[in-house]
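Written out below as structure tokens is the structure these notes cover.
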Amino acid sequence: MNFILKKKTLIPAFSGIVAIVWLFIGNVQYGYWDPVRGPLPGLVPSIMAAALLLVSILGIIKSLKEKDEPDRLENWTIMIAAFAAFALVFLVGMIPSLLLFVLVWMRFYEKESWKNTIIALLISFSISYGVFVLWLRVPFPIGIILNMILY
């Protein structure tokens, strides 16, 4: 069977394409390293994109060895949620989108209590904002709605 037609190959192939796009953006638009200033904003996204590309290639190889199985909706839940979070990036920005993803996922999919959900939300926000925005100065997209509010 042609590997393009196999359902198990589509997701690794798509994530590989996304990884290649982010490697290109990290290199061309943001840059990796400056000899004087040190790491530039494209370093971490490029490292993550390279890791995603490697995992995608391994996923494609593994999918070629397996046979397709019937789809069940619960198998697609994480992908549907990830695409929804990705779409929200354009509306509300990267960090609010990811925080909403964590909130909805933990509370309604994992059925965690509000207390655990809020604690995880605060910790994930503190780490992501502290590391990426304050320390590494990664320019996250702010989205259409936040752009209208802030500017």
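We name chains A, B, ... following the order of the structure tokens; residues begin at 1 in each chain, and ligands are numbered from 1 as shown.
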
Long-range neighbours of Leu98 (chain A) as a list in words, 12 Å cut-off, only C-alpha atoms, 3 positions minimum in chain: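 The neighbour list is Ala81, Ala82, Phe83, Ala84, Ala85, Phe86, Ala87, Leu88, Val89, Phe90, Val92, Gly93, Met94, Ile95, Phe101, Val102, Leu103, Val104, Trp105, Leu121, Leu122, Ser124, Phe125, Ser128, Tyr129, Phe140, Pro141 and Ile142 of chain A.
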
Those same residues, written as a short mmCIF file (atom, residue, chain, number, x, y, z; two decimals), in the first residue's frame with N, CA and C atoms?
```
data_model
loop_
_atom_site.label_atom_id
_atom_site.label_comp_id
_atom_site.auth_asym_id
_atom_site.auth_seq_id
_atom_site.Cartn_x
_atom_site.Cartn_y
_atom_site.Cartn_z
N ALA A 81 -8.05 18.72 19.53
CA ALA A 81 -7.77 19.75 20.53
C ALA A 81 -6.55 20.57 20.16
N ALA A 82 -5.52 19.93 19.63
CA ALA A 82 -4.31 20.66 19.22
C ALA A 82 -4.61 21.60 18.05
N PHE A 83 -5.40 21.15 17.08
CA PHE A 83 -5.76 22.02 15.96
C PHE A 83 -6.61 23.19 16.44
N ALA A 84 -7.50 22.95 17.39
CA ALA A 84 -8.32 24.04 17.95
C ALA A 84 -7.43 25.05 18.66
N ALA A 85 -6.47 24.56 19.45
CA ALA A 85 -5.54 25.46 20.14
C ALA A 85 -4.71 26.25 19.13
N PHE A 86 -4.27 25.58 18.08
CA PHE A 86 -3.50 26.25 17.04
C PHE A 86 -4.32 27.33 16.35
N ALA A 87 -5.59 27.06 16.08
CA ALA A 87 -6.46 28.05 15.45
C ALA A 87 -6.69 29.24 16.38
N LEU A 88 -6.78 28.98 17.67
CA LEU A 88 -6.97 30.07 18.64
C LEU A 88 -5.77 30.99 18.73
N VAL A 89 -4.59 30.50 18.36
CA VAL A 89 -3.39 31.34 18.40
C VAL A 89 -3.60 32.58 17.54
N PHE A 90 -4.27 32.45 16.42
CA PHE A 90 -4.49 33.58 15.53
C PHE A 90 -5.50 34.57 16.10
N VAL A 92 -6.38 34.84 19.81
CA VAL A 92 -6.03 35.39 21.13
C VAL A 92 -4.55 35.35 21.44
N GLY A 93 -3.74 34.75 20.60
CA GLY A 93 -2.31 34.69 20.85
C GLY A 93 -1.87 33.33 21.35
N MET A 94 -0.56 33.14 21.41
CA MET A 94 0.02 31.84 21.75
C MET A 94 -0.22 31.46 23.22
N ILE A 95 0.16 32.33 24.13
CA ILE A 95 0.08 31.96 25.55
C ILE A 95 -1.37 31.80 26.02
N PHE A 101 -6.07 25.71 26.37
CA PHE A 101 -5.92 24.29 26.05
C PHE A 101 -5.69 23.48 27.33
N VAL A 102 -4.76 23.93 28.18
CA VAL A 102 -4.48 23.22 29.45
C VAL A 102 -5.72 23.20 30.32
N LEU A 103 -6.41 24.33 30.43
CA LEU A 103 -7.61 24.41 31.26
C LEU A 103 -8.69 23.44 30.79
N VAL A 104 -9.02 23.49 29.51
CA VAL A 104 -10.08 22.63 28.97
C VAL A 104 -9.68 21.16 29.03
N TRP A 105 -8.42 20.88 28.68
CA TRP A 105 -7.97 19.49 28.66
C TRP A 105 -8.00 18.88 30.06
N LEU A 121 -2.37 25.12 35.78
CA LEU A 121 -2.43 26.27 34.88
C LEU A 121 -1.46 27.36 35.32
N LEU A 122 -1.44 27.67 36.61
CA LEU A 122 -0.53 28.69 37.12
C LEU A 122 0.93 28.28 36.97
N SER A 124 2.18 26.07 34.73
CA SER A 124 2.56 26.05 33.31
C SER A 124 2.68 27.47 32.76
N PHE A 125 1.82 28.38 33.20
CA PHE A 125 1.93 29.77 32.76
C PHE A 125 3.21 30.40 33.28
N SER A 128 6.26 28.82 31.37
CA SER A 128 6.34 29.21 29.95
C SER A 128 6.58 30.71 29.80
N TYR A 129 5.92 31.54 30.58
CA TYR A 129 6.11 32.98 30.49
C TYR A 129 7.50 33.37 30.98
N PHE A 140 6.26 35.69 20.94
CA PHE A 140 5.06 34.91 20.66
C PHE A 140 4.04 35.75 19.92
N PRO A 141 3.24 35.13 19.04
CA PRO A 141 2.14 35.87 18.40
C PRO A 141 1.10 36.27 19.45
N ILE A 142 0.56 37.49 19.30
CA ILE A 142 -0.43 37.94 20.29
C ILE A 142 -1.86 37.82 19.78
#
```

Secondary structure check, strand (DSSP E) residues of region 23-130 of chain A, as number ranges by chain: A: 33-34, 38-39

Picked from chain A by DSSP as alpha helix (DSSP H), as a PyMOL selection string: chain A and resi 7-25+43-65+73-92+94-104+114-128+143-150

Counting only C-alpha atoms, the residue of A:Leu91, A:Ile17, A:Val28, A:Ile123 that sits nearest Ile149 (chain A):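 Closest residue, counting only C-alpha atoms: A:Leu91.
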
Residue neighbourhood Gln29 (chain A), 10 Å, only C-alpha atoms, exclusion window fewer than 6 positions, as a ChimeraX atom specification: /A:22-23,41-42
